[in-house]
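Next comes model.cif, a file with mmCIF, C-alpha atoms and all ligand atoms.
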data_my_file
#
loop_
_atom_site.label_atom_id
_atom_site.label_comp_id
_atom_site.auth_asym_id
_atom_site.auth_seq_id
_atom_site.Cartn_x
_atom_site.Cartn_y
_atom_site.Cartn_z
CA MET L 254 -22.48 24.30 4.26
CA ARG L 255 -21.78 20.92 5.83
CA TYR L 256 -18.31 19.55 6.47
CA LEU L 257 -17.03 16.19 7.52
CA ILE L 258 -14.37 16.81 10.15
CA GLY L 259 -12.28 13.82 11.19
CA ARG L 260 -9.82 13.92 14.06
CA TYR L 261 -6.69 11.83 13.78
CA HIS L 262 -6.07 8.84 16.00
CA GLU L 263 -2.46 7.72 16.42
CA ILE L 264 -1.42 9.61 13.34
CA ALA L 265 -0.84 12.63 15.49
CA LEU L 266 2.02 10.77 17.17
CA LYS L 267 4.02 9.82 14.14
CA GLY L 268 6.45 12.74 13.98
CA ARG L 269 8.41 13.10 10.79
CA ASN L 270 6.39 10.44 8.98
CA GLN L 271 3.19 12.32 9.62
CA TRP L 272 2.72 13.47 6.03
CA ARG L 273 2.61 9.84 4.82
CA PHE L 274 -0.16 9.02 7.26
CA VAL L 275 -2.09 12.15 6.38
CA ASP L 276 -1.71 11.51 2.63
CA GLN L 277 -2.91 7.94 3.08
CA VAL L 278 -5.93 8.85 5.17
CA LYS L 279 -6.86 11.54 2.60
CA GLN L 280 -6.58 9.01 -0.23
CA ASN L 281 -8.62 6.45 1.71
CA LEU L 282 -11.33 9.03 2.38
CA ARG L 283 -11.52 9.80 -1.34
CA ASP L 284 -11.76 6.06 -2.14
CA ILE L 285 -14.57 5.41 0.33
CA PHE L 286 -16.57 8.30 -1.17
CA ALA L 287 -15.63 7.41 -4.76
CA ASP L 288 -19.28 7.58 -5.87
CA TYR L 289 -19.61 11.22 -4.72
CA ARG L 290 -17.84 14.30 -6.01
CA LEU L 291 -15.85 15.50 -3.05
CA GLY L 292 -14.11 18.84 -3.10
CA ASN L 293 -10.70 19.58 -1.67
CA VAL L 294 -9.71 17.41 1.32
CA ARG L 295 -7.75 19.55 3.76
CA SER L 296 -5.62 18.61 6.72
CA VAL L 297 -5.70 21.39 9.29
CA GLY L 298 -3.75 20.73 12.47
CA PRO L 299 -4.93 17.43 13.99
CA ARG L 300 -7.97 17.16 11.73
CA LEU L 301 -9.12 16.29 8.26
CA MET L 302 -11.85 18.39 6.61
CA VAL L 303 -13.92 18.01 3.51
CA GLN L 304 -17.09 19.70 2.32
CA ILE L 305 -20.03 17.31 2.07
CA PRO L 306 -21.69 17.56 -1.36
CA GLU L 307 -25.38 18.37 -1.53
CA GLU L 308 -26.45 14.87 -2.65
CA LEU L 309 -24.64 13.07 0.20
CA SER L 310 -26.88 12.61 3.25
CA ASP L 311 -25.62 12.98 6.82
CA GLU L 312 -26.40 9.30 7.44
CA THR L 313 -24.38 8.02 4.49
CA ALA L 314 -21.53 10.41 5.24
CA ALA L 315 -21.39 9.14 8.85
CA GLU L 316 -21.72 5.49 7.89
CA ARG L 317 -18.80 5.77 5.45
CA ALA L 318 -16.63 7.94 7.69
CA ALA L 319 -16.86 5.28 10.41
CA LEU L 320 -14.95 2.93 8.07
CA ILE L 321 -11.86 5.09 7.76
CA PHE L 322 -9.00 3.77 9.86
CA GLY L 323 -6.84 6.50 11.34
CA LEU L 324 -9.68 8.66 12.67
CA GLN L 325 -10.33 8.79 16.39
CA ASN L 326 -13.71 10.47 15.92
CA PHE L 327 -15.54 12.63 13.44
CA SER L 328 -18.47 14.97 13.21
CA ILE L 329 -20.69 16.58 10.65
CA SER L 330 -20.11 20.27 11.14
CA HIS L 331 -21.76 23.38 9.76
CA ALA L 332 -19.71 26.38 8.71
CA THR L 333 -20.74 29.77 9.98
CA ALA L 334 -19.34 33.31 10.23
CA ARG L 335 -16.60 33.92 12.78
CA ASP L 336 -18.55 35.99 15.26
CA ILE L 337 -19.94 34.83 18.55
CA GLU L 338 -23.61 35.57 17.68
CA SER L 339 -23.50 33.44 14.50
CA ILE L 340 -21.69 30.66 16.33
CA ALA L 341 -24.25 30.61 19.16
CA ARG L 342 -27.14 30.64 16.67
CA GLU L 343 -25.61 27.72 14.77
CA ALA L 344 -25.00 25.78 18.01
CA ILE L 345 -28.66 26.18 19.03
CA LYS L 346 -29.78 25.04 15.59
CA ARG L 347 -27.55 21.92 15.71
CA ALA L 348 -28.52 20.98 19.26
CA SER L 349 -32.23 21.64 18.94
CA GLY L 350 -33.06 18.21 17.45
CA SER L 351 -31.33 16.36 20.28
CA ASN L 352 -33.19 14.75 23.15
CA ALA L 353 -30.18 15.10 25.43
CA ARG L 354 -30.76 16.65 28.84
CA THR L 355 -27.17 17.58 29.58
CA PHE L 356 -24.55 19.13 27.36
CA ALA L 357 -21.13 20.73 27.15
CA VAL L 358 -19.52 23.05 24.63
CA ARG L 359 -15.94 22.36 23.59
CA THR L 360 -14.05 24.86 21.49
CA LYS L 361 -10.74 24.47 19.70
CA ARG L 362 -9.10 27.51 18.16
CA GLU L 363 -6.89 26.71 15.21
CA ASP L 364 -6.70 30.45 14.69
CA LYS L 365 -5.52 31.94 17.98
CA ARG L 366 -6.13 35.50 16.77
CA PHE L 367 -9.84 35.11 17.41
CA ALA L 368 -10.90 37.74 19.93
CA MET L 369 -12.18 35.33 22.60
CA ASN L 370 -10.29 32.34 23.96
CA SER L 371 -11.73 28.80 23.99
CA VAL L 372 -13.07 28.96 27.54
CA GLU L 373 -14.81 32.27 26.89
CA ILE L 374 -16.43 30.86 23.76
CA ASP L 375 -17.54 27.72 25.65
CA ARG L 376 -19.20 29.88 28.33
CA ALA L 377 -20.86 32.33 25.96
CA VAL L 378 -22.28 29.68 23.65
CA GLY L 379 -23.16 27.37 26.56
CA GLY L 380 -25.21 30.16 28.18
CA GLU L 381 -27.15 30.81 24.96
CA VAL L 382 -27.87 27.10 24.38
CA GLN L 383 -29.01 26.62 27.97
CA GLU L 384 -31.37 29.57 27.72
CA ALA L 385 -32.77 28.59 24.32
CA LEU L 386 -33.17 24.83 24.82
CA GLY L 387 -33.26 24.32 28.58
CA PHE L 388 -30.44 21.72 28.64
CA GLU L 389 -28.31 21.46 31.77
CA VAL L 390 -24.57 22.00 31.57
CA ASP L 391 -22.55 18.94 32.56
CA LEU L 392 -18.86 19.24 31.87
CA ARG L 393 -17.91 15.80 33.17
CA ALA L 394 -20.29 13.43 31.39
CA PRO L 395 -22.46 15.41 28.98
CA GLU L 396 -25.04 13.54 26.91
CA LEU L 397 -24.36 15.94 24.06
CA THR L 398 -21.11 17.64 23.11
CA ILE L 399 -21.25 20.71 20.93
CA SER L 400 -17.90 21.07 19.16
CA ILE L 401 -16.75 24.41 17.84
CA GLU L 402 -13.64 24.75 15.71
CA ILE L 403 -12.40 28.25 14.92
CA MET L 404 -10.42 28.19 11.68
CA ASN L 405 -8.96 30.95 9.53
CA ASP L 406 -11.90 31.07 7.15
CA ALA L 407 -14.93 30.22 9.30
CA ALA L 408 -16.20 28.66 12.50
CA TYR L 409 -17.36 25.02 12.31
CA VAL L 410 -20.07 23.83 14.65
CA SER L 411 -21.41 20.33 15.28
CA ALA L 412 -23.59 18.61 17.84
CA GLY L 413 -22.40 15.07 18.55
CA LYS L 414 -19.04 13.48 17.87
CA MET L 415 -19.14 9.99 16.42
CA PRO L 416 -16.49 7.36 17.17
CA GLY L 417 -14.05 6.71 14.32
CA ALA L 418 -12.53 3.36 13.36
CA GLY L 419 -9.21 4.19 15.08
CA GLY L 420 -5.94 2.51 14.16
CA LEU L 421 -3.74 3.46 11.22
CA PRO L 422 -4.87 4.24 7.68
CA VAL L 423 -5.00 1.17 5.42
CA GLY L 424 -1.92 0.96 3.24
CA VAL L 425 0.45 2.92 5.41
CA THR L 426 2.30 -0.08 6.86
CA GLY L 427 2.39 -2.24 3.71
CA ARG L 428 0.61 -5.11 1.99
CA GLY L 429 -0.38 -8.54 3.27
CA LEU L 430 -2.18 -11.64 2.09
CA ALA L 431 -4.83 -12.95 4.50
CA LEU L 432 -5.87 -16.61 4.51
CA LEU L 433 -9.65 -16.47 4.65
CA SER L 434 -11.26 -19.80 5.51
CA GLY L 435 -14.94 -18.86 5.77
CA GLY L 436 -14.82 -19.51 9.53
CA ILE L 437 -15.19 -17.04 12.41
CA ASP L 438 -11.55 -16.32 13.15
CA SER L 439 -9.91 -15.36 9.89
CA PRO L 440 -12.10 -12.30 9.07
CA VAL L 441 -11.46 -10.95 12.57
CA ALA L 442 -7.72 -11.48 12.09
CA ALA L 443 -7.83 -9.71 8.72
CA HIS L 444 -9.73 -6.76 10.16
CA ARG L 445 -7.25 -6.35 12.99
CA MET L 446 -4.33 -6.19 10.57
CA MET L 447 -6.15 -3.74 8.29
CA ARG L 448 -6.61 -1.58 11.36
CA ARG L 449 -2.83 -1.63 11.79
CA GLY L 450 -2.47 -0.09 8.34
CA LEU L 451 -2.00 -3.24 6.26
CA ARG L 452 -3.66 -3.38 2.85
CA LEU L 453 -4.83 -6.96 2.31
CA ASP L 454 -5.56 -9.36 -0.48
CA PHE L 455 -7.39 -12.55 0.39
CA VAL L 456 -6.87 -16.21 -0.45
CA HIS L 457 -9.29 -19.07 0.08
CA PHE L 458 -8.56 -22.78 -0.45
CA HIS L 459 -11.54 -24.88 -1.45
CA ALA L 460 -12.35 -28.42 -2.50
CA TYR L 461 -15.06 -27.54 -5.03
CA PRO L 462 -16.34 -29.49 -6.95
CA ILE L 463 -15.60 -32.42 -4.58
CA VAL L 464 -17.74 -30.53 -2.05
CA SER L 465 -20.33 -27.80 -2.62
CA ALA L 466 -19.34 -24.23 -3.45
CA ALA L 467 -20.60 -23.04 -0.05
CA SER L 468 -17.18 -22.23 1.45
CA ARG L 469 -16.22 -20.26 -1.66
CA GLU L 470 -19.41 -18.26 -1.48
CA LYS L 471 -18.85 -17.53 2.20
CA ALA L 472 -15.26 -16.46 1.55
CA ALA L 473 -16.50 -14.16 -1.23
CA GLU L 474 -19.15 -12.67 1.02
CA LEU L 475 -16.60 -12.09 3.78
CA ALA L 476 -14.09 -10.56 1.37
CA ALA L 477 -16.81 -8.24 0.05
CA HIS L 478 -17.68 -7.24 3.62
CA LEU L 479 -14.04 -6.62 4.62
CA THR L 480 -13.61 -4.49 1.50
CA ARG L 481 -15.71 -1.80 3.22
CA TRP L 482 -12.62 -0.83 5.23
CA GLN L 483 -10.15 -0.74 2.36
CA ALA L 484 -12.23 0.18 -0.72
CA ARG L 485 -10.92 -2.57 -3.00
CA SER L 486 -9.77 -6.18 -2.60
CA THR L 487 -8.97 -9.28 -4.56
CA LEU L 488 -9.93 -12.75 -3.44
CA MET L 489 -7.90 -15.63 -4.84
CA LEU L 490 -9.76 -18.92 -4.92
CA VAL L 491 -7.37 -21.87 -4.96
CA PRO L 492 -8.63 -25.34 -5.93
CA PHE L 493 -7.21 -27.57 -3.20
CA GLY L 494 -9.21 -30.81 -3.46
CA ASN L 495 -6.88 -32.70 -5.80
CA LEU L 496 -3.84 -31.69 -3.83
CA GLN L 497 -5.50 -32.95 -0.66
CA ARG L 498 -6.32 -36.24 -2.34
CA GLU L 499 -2.68 -36.61 -3.26
CA ILE L 500 -1.69 -35.97 0.36
CA VAL L 501 -4.31 -38.42 1.61
CA ALA L 502 -3.03 -41.13 -0.75
CA ASN L 503 0.58 -40.72 0.37
CA THR L 504 0.57 -39.67 4.03
CA LEU L 505 -0.29 -41.37 7.32
CA ARG L 506 -3.44 -39.95 8.85
CA PRO L 507 -2.15 -37.93 11.81
CA LEU L 508 0.25 -35.83 9.72
CA ARG L 509 -2.21 -34.85 7.01
CA VAL L 510 -3.50 -31.67 8.59
CA VAL L 511 0.01 -30.35 9.08
CA LEU L 512 0.78 -31.09 5.45
CA TYR L 513 -2.42 -29.36 4.22
CA ARG L 514 -1.44 -26.30 6.19
CA ARG L 515 2.14 -26.29 4.95
CA PHE L 516 0.92 -26.52 1.36
CA MET L 517 -1.52 -23.69 1.99
CA LEU L 518 1.34 -21.50 3.22
CA ARG L 519 3.56 -22.44 0.29
CA ILE L 520 0.84 -21.59 -2.22
CA ALA L 521 -0.09 -18.44 -0.33
CA SER L 522 3.58 -17.39 -0.39
CA ALA L 523 3.71 -17.84 -4.17
CA LEU L 524 0.52 -15.76 -4.54
CA ALA L 525 1.77 -13.13 -2.07
CA GLU L 526 4.85 -12.66 -4.17
CA ARG L 527 2.68 -11.97 -7.20
CA CYS L 528 0.52 -9.38 -5.49
CA GLY L 529 3.34 -7.59 -3.72
CA ALA L 530 2.43 -8.74 -0.21
CA THR L 531 5.27 -9.23 2.26
CA VAL L 532 3.41 -10.95 5.11
CA LEU L 533 0.75 -13.63 5.50
CA VAL L 534 -2.13 -13.29 7.99
CA THR L 535 -4.00 -16.19 9.59
CA GLY L 536 -6.71 -16.53 12.22
CA GLU L 537 -4.81 -19.05 14.33
CA SER L 538 -5.16 -18.83 18.10
CA LEU L 539 -2.96 -20.81 20.44
CA GLY L 540 -4.51 -24.06 21.60
CA GLN L 541 -7.87 -23.50 19.95
CA VAL L 542 -7.89 -26.67 17.87
CA ALA L 543 -5.61 -29.71 17.66
CA SER L 544 -3.54 -28.28 14.83
CA GLN L 545 -2.86 -25.01 16.67
CA THR L 546 -0.26 -26.16 19.17
CA LEU L 547 3.08 -24.41 19.51
CA GLU L 548 4.85 -27.40 17.96
CA ASN L 549 2.54 -27.50 14.97
CA MET L 550 2.58 -23.76 14.42
CA ALA L 551 6.38 -23.85 14.37
CA VAL L 552 6.49 -26.69 11.85
CA ILE L 553 3.74 -25.20 9.68
CA GLU L 554 5.30 -21.76 9.52
CA LYS L 555 8.60 -23.20 8.27
CA ALA L 556 6.89 -23.76 4.92
CA ALA L 557 6.09 -20.05 4.48
CA ALA L 558 8.35 -17.75 2.50
CA PHE L 559 7.08 -14.71 4.44
CA PRO L 560 6.45 -13.91 8.11
CA VAL L 561 3.10 -15.26 9.35
CA MET L 562 1.07 -12.76 11.40
CA ARG L 563 -1.43 -14.24 13.82
CA PRO L 564 -3.20 -11.30 15.43
CA LEU L 565 -5.57 -13.60 17.36
CA VAL L 566 -2.89 -15.80 18.86
CA GLY L 567 -3.50 -14.62 22.42
CA MET L 568 -7.27 -14.22 22.25
CA ASP L 569 -9.82 -16.75 23.41
CA LYS L 570 -12.82 -17.85 21.46
CA ASN L 571 -15.35 -15.65 23.26
CA GLU L 572 -13.32 -12.54 22.63
CA ILE L 573 -12.99 -13.46 18.97
CA ILE L 574 -16.74 -14.09 18.67
CA ASP L 575 -17.51 -10.72 20.28
CA GLN L 576 -15.33 -9.02 17.72
CA ALA L 577 -16.88 -10.98 14.87
CA ARG L 578 -20.32 -9.81 15.99
CA ARG L 579 -19.22 -6.18 16.17
CA LEU L 580 -17.67 -6.55 12.75
CA ARG L 581 -20.88 -8.14 11.45
CA SER L 582 -18.92 -11.00 9.88
CA PHE L 583 -20.28 -13.49 12.40
CA GLU L 584 -23.59 -14.18 10.64
CA THR L 585 -21.79 -15.14 7.43
CA SER L 586 -19.09 -17.14 9.21
CA ILE L 587 -21.57 -19.44 10.94
CA LEU L 588 -23.44 -20.40 7.76
CA PRO L 589 -22.98 -24.13 7.14
CA ASP L 590 -20.30 -25.19 4.68
CA GLN L 591 -17.84 -27.97 4.05
CA ASP L 592 -14.37 -26.70 4.59
CA CYS L 593 -11.74 -28.37 2.47
CA CYS L 594 -10.02 -29.42 5.68
CA THR L 595 -12.99 -31.02 7.39
CA LEU L 596 -13.42 -33.07 4.23
CA PHE L 597 -10.24 -35.05 4.72
CA MET L 598 -9.82 -34.39 8.44
CA PRO L 599 -8.40 -37.34 10.37
CA ALA L 600 -10.07 -38.17 13.68
CA HIS L 601 -6.83 -37.79 15.64
CA PRO L 602 -4.53 -35.23 14.06
CA GLU L 603 -0.93 -34.93 15.21
CA THR L 604 -0.55 -32.30 17.91
CA ARG L 605 3.24 -32.39 18.16
CA ALA L 606 4.56 -32.59 14.65
CA ARG L 607 8.32 -32.91 14.29
CA ILE L 608 9.98 -31.25 11.36
CA GLU L 609 12.12 -34.31 10.42
CA GLU L 610 9.04 -36.51 10.26
CA VAL L 611 7.12 -33.93 8.22
CA GLU L 612 9.95 -33.39 5.79
CA ALA L 613 10.32 -37.15 5.35
CA ALA L 614 6.62 -37.42 4.56
CA GLU L 615 6.87 -34.55 2.08
CA SER L 616 9.86 -36.06 0.27
CA ARG L 617 7.38 -38.21 -1.67
CA PHE L 618 5.84 -35.17 -3.35
CA ASP L 619 6.86 -33.08 -6.30
CA ILE L 620 6.27 -29.87 -4.37
CA PRO L 621 7.14 -27.29 -7.08
CA ARG L 622 4.77 -28.99 -9.51
CA MET L 623 1.93 -29.03 -6.94
CA ILE L 624 2.40 -25.34 -6.11
CA ASP L 625 2.58 -24.47 -9.76
CA ASP L 626 -0.65 -26.37 -10.52
CA ALA L 627 -2.46 -24.61 -7.70
CA VAL L 628 -1.27 -21.15 -8.71
CA ARG L 629 -2.10 -21.75 -12.37
CA THR L 630 -5.69 -22.78 -11.62
CA THR L 631 -6.38 -20.00 -9.09
CA GLU L 632 -9.37 -17.79 -9.89
CA VAL L 633 -9.52 -14.15 -8.91
CA GLU L 634 -12.57 -12.20 -7.82
CA ARG L 635 -12.45 -8.45 -7.37
CA PHE L 636 -14.41 -6.34 -4.93
CA TRP L 637 -14.97 -2.64 -4.52
CA PHE L 638 -16.62 -0.53 -1.89
CA PRO L 639 -18.66 1.38 -2.82
CA PRO L 640 -19.57 -1.46 -5.21
CA ARG L 641 -18.92 -0.97 -8.90
CA ALA L 642 -21.13 -2.08 -11.76
CA ALA L 643 -18.99 -5.18 -12.49
CA GLN L 644 -19.32 -6.41 -8.93
CA VAL L 645 -23.06 -5.79 -8.73
CA ALA L 646 -23.53 -7.72 -11.98
CA ALA L 647 -21.41 -10.59 -10.65
CA ALA L 648 -23.41 -10.75 -7.45
CA ARG L 649 -26.63 -11.12 -9.44
CA ALA L 650 -25.27 -13.82 -11.76
CA PRO L 651 -25.87 -17.43 -10.67
CA GLU L 652 -22.11 -18.16 -10.60
CA PRO L 653 -19.51 -15.79 -9.18
CA GLN L 654 -17.55 -13.88 -11.77
CA LYS L 655 -14.63 -15.94 -12.96
CA LEU L 656 -11.51 -14.30 -14.21
CA SER L 657 -8.77 -16.63 -15.33
CA ALA L 658 -5.96 -15.73 -13.04
CA LYS L 659 -2.55 -15.80 -14.56
CA GLU L 660 -1.85 -12.52 -12.78
CA PRO L 661 -3.72 -12.28 -9.50
P1 LIG S 1 -11.26 -20.02 11.16
O1 LIG S 1 -12.31 -19.73 12.18
O2 LIG S 1 -10.61 -18.77 10.62
O3 LIG S 1 -11.76 -20.92 10.08
P2 LIG S 1 -10.25 -22.24 12.59
O4 LIG S 1 -10.52 -22.02 14.03
O5 LIG S 1 -11.17 -23.07 11.79
O6 LIG S 1 -10.09 -20.80 11.91
P3 LIG S 1 -8.02 -23.69 11.43
O7 LIG S 1 -8.91 -24.53 10.63
O8 LIG S 1 -6.89 -24.34 12.19
O9 LIG S 1 -8.77 -22.83 12.53
O10 LIG S 1 -7.41 -22.58 10.50
C1 LIG S 1 -6.47 -21.69 11.00
C2 LIG S 1 -6.26 -20.58 9.99
O11 LIG S 1 -5.76 -21.12 8.75
C3 LIG S 1 -7.54 -19.88 9.60
O12 LIG S 1 -7.86 -18.85 10.51
C4 LIG S 1 -7.19 -19.33 8.24
O13 LIG S 1 -6.42 -18.15 8.35
C5 LIG S 1 -6.32 -20.45 7.66
N1 LIG S 1 -7.18 -21.38 6.89
C6 LIG S 1 -7.70 -22.55 7.28
N2 LIG S 1 -8.42 -23.13 6.31
C7 LIG S 1 -8.38 -22.29 5.25
C8 LIG S 1 -8.94 -22.29 3.93
N3 LIG S 1 -9.71 -23.28 3.50
N4 LIG S 1 -8.67 -21.24 3.13
C9 LIG S 1 -7.90 -20.20 3.56
N5 LIG S 1 -7.35 -20.16 4.78
C10 LIG S 1 -7.58 -21.18 5.62
MG MG S 2 -12.14 -22.91 10.00
#
Could you show the structure in this file as structure tokens?
Amino acid sequence: MRYLIGRYHEIALKGRNQWRFVDQVKQNLRDIFADYRLGNVRSVGPRLMVQIPEELSDETAAERAALIFGLQNFSISHATARDIESIAREAIKRASGSNARTFAVRTKREDKRFAMNSVEIDRAVGGEVQEALGFEVDLRAPELTISIEIMNDAAYVSAGKMPGAGGLPVGVTGRGLALLSGGIDSPVAAHRMMRRGLRLDFVHFHAYPIVSAASREKAAELAAHLTRWQARSTLMLVPFGNLQREIVANTLRPLRVVLYRRFMLRIASALAERCGATVLVTGESLGQVASQTLENMAVIEKAAAFPVMRPLVGMDKNEIIDQARRLRSFETSILPDQDCCTLFMPAHPETRARIEEVEAAESRFDIPRMIDDAVRTTEVERFWFPPRAAQVAAARAPEPQKLSAKEP
């Protein structure tokens, strides 16, 4: 019988709160395998164990397990009887497909009553594997690690540990609303906060139908992709074109970008309140573009009703691009679109906005009415991973699924 065995990342360090982390990672594992019938998920010492059902292939199990935040590494292990001959036989069977030349055996005994200690098991099994397969032992940098876990009920043997997603299980630190532009930075920012245990909803501001629907489609594709790490998401699509026109008609050029951003944060705050989020997440990085100066960030953030998290603030563009490639969001992010902000972007935006000046410019607007209009006309799209029938149908339809969004 095959088992997925995940080993906790930082969870192991969380002392009295440990049960919350373990509960969350168990729940998240169930969600990510929602289309398979998993048996009991057990937490034994520093590891999570679940039997892999017949119809779930090793490849799919590994691909999905790699999406679970909170696991340092995982392996697909085979259960065998708790005697050294069976364990050695199983180890040879697991390692025999490998083209490694060097190997090491690493044993952990959860059940210390087992007759041999870990080092003795390592040596005995290592000797048998070496003889049967001709691999060389290398304890420092083995190409293949055979892991043996001795539990109360059985011994579990695997060849090859796979890296887990690390971080903290999604949901354990709270809920946030991420501003997703369709660019390179914001999906990376969202992913980093999910990895810190934040469950996210997404919001995208667009100027459709003044411009094409391209940015909306990109945001939807990115939200669908990011959903792989948290099993379900909502994307709120806010029509922003008319509001921008109103700003353009009433504001001197240099200040417009700051006003767009402040309105985005006001609307996002109203939406966050509705979906139970207590922080906003953006992809801003200090000094990257004209609007991302310290002065502007300070003035922009004053419009938010919640703390603004900027996980990329100290990263430079190359680092962010590297992450976007690893995340596989990069290809979508670089597709051409017309962002709502480039549409009405002044040639020389203000880089040192002053709050008095900005507030004076905003005194011409009926702000509550504008926020209310935006929230009322917001559409909501839902995503699941693994995808559900509704989402698959929506993806095939010529237009994205539109749900009128009184309650996002
Ligand atoms: P990105 O690569 O994420 O688009 P950027 O380098 O283009 O960022 P800005 O345009 O200054 O930088 O945007 C900063 C942040 O503001 C974005 O990372 C995103 O979180 C948010 N943002 C900008 N435009 C939008 C939008 N149309 N919808 C939702 N969020 C947006
Ligand atoms: Mg952008």
Exercise: Ala484 (chain L) partners within 9 Å, only C-alpha atoms, chain neighbours under 5 positions left out, as an NGL selection string: :L and (281 or 284-285 or 287 or 479 or 636-640)
L:Thr585, L:Thr546, L:Ser434, L:Ser468 ranked by distance to ligand LIG 1 (chain S), top pick (using only C-alpha atoms and all ligand atoms): L:Ser434
Shell of 7 Å around Phe274 (chain L), all atoms listed in the file, local chain residues under 3 positions omitted, as a PDB file with C-alpha atoms, keeping the file's coordinate frame:
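Saved as selection-v5.pdb:
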ATOM      1  CA  ILE L 264      -1.420   9.610  13.340  1.00  0.00           C
ATOM      2  CA  ASN L 270       6.390  10.440   8.980  1.00  0.00           C
ATOM      3  CA  GLN L 271       3.190  12.320   9.620  1.00  0.00           C
ATOM      4  CA  GLN L 277      -2.910   7.940   3.080  1.00  0.00           C
ATOM      5  CA  VAL L 278      -5.930   8.850   5.170  1.00  0.00           C
ATOM      6  CA  PRO L 422      -4.870   4.240   7.680  1.00  0.00           C
ATOM      7  CA  VAL L 425       0.450   2.920   5.410  1.00  0.00           C
TER       8      VAL L 425
END
Exercise answer, 6 Å around ligand LIG 1 (chain S) with all atoms listed in the file, as a short mmCIF file (atom, residue, chain, number, x, y, z; two decimals) with C-alpha atoms, in the frame of the given file:
data_model
loop_
_atom_site.label_atom_id
_atom_site.label_comp_id
_atom_site.auth_asym_id
_atom_site.auth_seq_id
_atom_site.Cartn_x
_atom_site.Cartn_y
_atom_site.Cartn_z
CA LEU L 432 -5.87 -16.61 4.51
CA LEU L 433 -9.65 -16.47 4.65
CA SER L 434 -11.26 -19.80 5.51
CA GLY L 435 -14.94 -18.86 5.77
CA GLY L 436 -14.82 -19.51 9.53
CA ILE L 437 -15.19 -17.04 12.41
CA ASP L 438 -11.55 -16.32 13.15
CA SER L 439 -9.91 -15.36 9.89
CA VAL L 456 -6.87 -16.21 -0.45
CA HIS L 457 -9.29 -19.07 0.08
CA PHE L 458 -8.56 -22.78 -0.45
CA HIS L 459 -11.54 -24.88 -1.45
CA THR L 535 -4.00 -16.19 9.59
CA GLY L 536 -6.71 -16.53 12.22
CA GLU L 537 -4.81 -19.05 14.33
CA SER L 544 -3.54 -28.28 14.83
CA ASP L 592 -14.37 -26.70 4.59
CA CYS L 593 -11.74 -28.37 2.47
#
Length of the CA of Thr360 (chain L) to CA of Val372 (chain L) vector [Å]: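 That distance, rounded to one decimal, is 7.4 Å.
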Interatomic distance (Å, one decimal) between CA of Ile399 (chain L) and CA of Leu301 (chain L): 18.1 Å
Proximity to Glu338 (chain L) - best of L:Gly540, L:Gly413, L:Gly380, L:Gly429, all atoms listed in the file: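 Distance minimum relative to Glu338 (chain L) lands on L:Gly380.
The neighbours of Arg376 (chain L) here are the residues that come within 10 Å of it, using all atoms listed in the file and leaving out any residue fewer than 3 positions away in the same chain; they are Ala357, Val358, Arg359, Thr360, Ser371, Val372, Glu373, Gly379, Gly380, Glu381 and Val382 of chain L.
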Requested write-out: C-alpha atoms of the selected residues, as a CSV table (one decimal), in the coordinates of the input:
chain,number,residue,atom,x,y,z
L,357,ALA,CA,-21.1,20.7,27.2
L,358,VAL,CA,-19.5,23.0,24.6
L,359,ARG,CA,-15.9,22.4,23.6
L,360,THR,CA,-14.0,24.9,21.5
L,371,SER,CA,-11.7,28.8,24.0
L,372,VAL,CA,-13.1,29.0,27.5
L,373,GLU,CA,-14.8,32.3,26.9
L,379,GLY,CA,-23.2,27.4,26.6
L,380,GLY,CA,-25.2,30.2,28.2
L,381,GLU,CA,-27.2,30.8,25.0
L,382,VAL,CA,-27.9,27.1,24.4
Gap from CA of Met369 (chain L) to CA of Ala332 (chain L) - Å, one decimal: 18.2 Å
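Among the candidate residues L:Ala466, L:Leu508, L:Ala551, L:Ala627, the one lying nearest to Glu615 (chain L) is L:Leu508, with distances computed using all atoms listed in the file.
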Non-local contacts of region 303-319 of chain L (6 Å; all atoms listed in the file; under 5 positions in same chain excluded) as a PyMOL selection string: chain L and resi 255-257+294+417-418
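In this comparison, which uses all atoms listed in the file, the residue of L:His331, L:Arg581, L:His444, L:Lys570 approaching Met254 (chain L) most closely is L:His331.
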Close residues, Ala606 (chain L) itself excluded, 7 Å, all atoms listed in the file, min 6 positions apart in chain, as a ChimeraX atom specification: /L:548-549,552
Selected residue, from L:Gly259, L:Pro440, L:Gly420, L:Pro395, that lies nearest to Glu584 (chain L) when counting only C-alpha atoms: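 Distance minimum relative to Glu584 (chain L) lands on L:Pro440.
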Counting only C-alpha atoms and all ligand atoms, the residue of L:Gln541, L:His601, L:Pro560, L:Ala334 that sits nearest ligand MG 2 (chain S): L:Gln541
